[in-house]
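What follows is a set of notes on a single structure, which appears directly below.
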Amino acid sequence: MTPPTPGTSGAVTDTPRGGPRRRSVRTGAPLALLLPALIGVAFLVLPLIALLLRTPWQSLPEQLSSAEVWQALKLSLICATAATAVSLVVGVPLAWLLARVEFPGRGLVRALVTLPLVLPPVVGGVALLTALGRNGIAGRWLDTWFGITLPFTTAGVVVAEAFVAMPFLVISVEGTLRAADPRYEEAATTLGASRFTAFRRVTLPLIAPGIAAGAVLAWARALGEFGATITFAGNFPGRTQTMPLAVYLALQSDPEAAIALSLVLLAVSIAVLAGLRDRWMRAG
């Protein structure tokens with residue numbers, strides 16, 4: 001081990017025998033950065049700790065065993081899964097189009113696709129009403145020609161959740177596609193495979209981890225959706241009342257029940273983060 005050279009601020013250079021030189025630099029955190037960072041951690045963690053401390057643990061089994069809670073939880077799981085399936089069917093080809101095909105206005109299309117990420121959910125619900133409501137641009141034709149009514153139905157919940165969750169899937173899959181080598185697809189087409197066959201047999205296995213991560217993120221976002229759902233689908237128990245809507249309703253009459261329901265959603269969020277941790281670590 002060689003001693004630190006002048007001007008390296010305590011840097012130590014290790015020279016393993018028979019291996020490359022490795023240099024490690026020890027740096028301290030300045031107080032001007034450490035203090036705001038600690039405040040940020042406290043700001044994000046303190047509400048979660050407060051939720052755990054205020055949870056009625058003794059009455060928690062009773063709170064979570066009510067028929068209304070299981071009804072809302074079942075509906076949430078079904079709608080979130082259906083919204084994720086819709087996002088997969090539509091979002092994966094959309095991500096491939098944005099990542100692999102050059103066309104005029106691609107940047108604008110990408111911006112519009114990712115707009116629900118920053119759009120207030122209530123505004124998204126209003127937009128869905130103007131488009132798919134009974135008097136909406138497309139909704140009137142769905143009602144007249146096919147007898148399909150989406151607002152204030154379970155299908156409306158799926159539509160609202162897919163609208164806000166699909167961008168998470170598209171961004172994840174597009175990033176994975178851009179990192180994948182397109183020469184594998186080109187080699188497959190050179191050997192006689194069609195573009196769709198190359199996508200199905202070559203591209204999909206390559207980007208499967210990105211699709212899985214995007215699907216999990218989309219599912220978690222759909223499970224926690226509130227604003228677009230209550231605006232477009234309403235809050236009808238057994239039909240459109242999902243877990244976030246049940247939390248909102250319980251908070252007005254039974255705060256302990258609202259805390260118990262929030263704990264369920266918190267546990268789901270932690271499970272999602274734990275499931276994606278290995279992928280994030282590899283990406284880092």
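By convention here, the chains of the structure tokens are called A, B, ... in the order presented, each chain's residues are numbered starting at 1, and ligands are numbered starting at 1 in the order presented.
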Report as JSON lines the residues of range 219-269 of chain A within 8 Å of range 59-65 of chain A, each with its shortest atom pair and distance in Å (one decimal), using only C-alpha atoms, ordered by chain and increasing residue number.
{"residue": "A:Ala257", "atom": "CA", "partner": "A:Gln63", "partner_atom": "CA", "distance": 6.0}
{"residue": "A:Ala260", "atom": "CA", "partner": "A:Leu60", "partner_atom": "CA", "distance": 6.4}
{"residue": "A:Leu261", "atom": "CA", "partner": "A:Leu64", "partner_atom": "CA", "distance": 7.3}
key: Within 9 Å of Leu263 in chain A using only C-alpha atoms, minus same-chain residues under 6 positions, as number ranges by chain   = A: 51-52, 55
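Comparing the minimum interatomic distances between Phe196 in chain A and each of A:Trp96, A:Arg239, A:Pro36, A:Leu73, counting only C-alpha atoms, we find that A:Trp96 sits nearest.
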ask   = Between A:Thr203, A:Thr114, A:Thr154, A:Thr130, which is the closest to Gly234 in chain A once you count only C-alpha atoms?
value = A:Thr154
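Candidate residues A:Ile230, A:Val122, A:Leu129, A:Met166 were compared for distance to Val86 in chain A, and the nearest is A:Met166, using only C-alpha atoms.
If you look at CA of Ile211 in chain A and CA of Glu174 in chain A, they are 9.3 Å away from each other.
Residue nearest Pro120 in chain A within the list A:Phe199, A:Tyr184, A:Trp145, A:Phe226: A:Phe226 [criterion: smallest interatomic distance, only C-alpha atoms].
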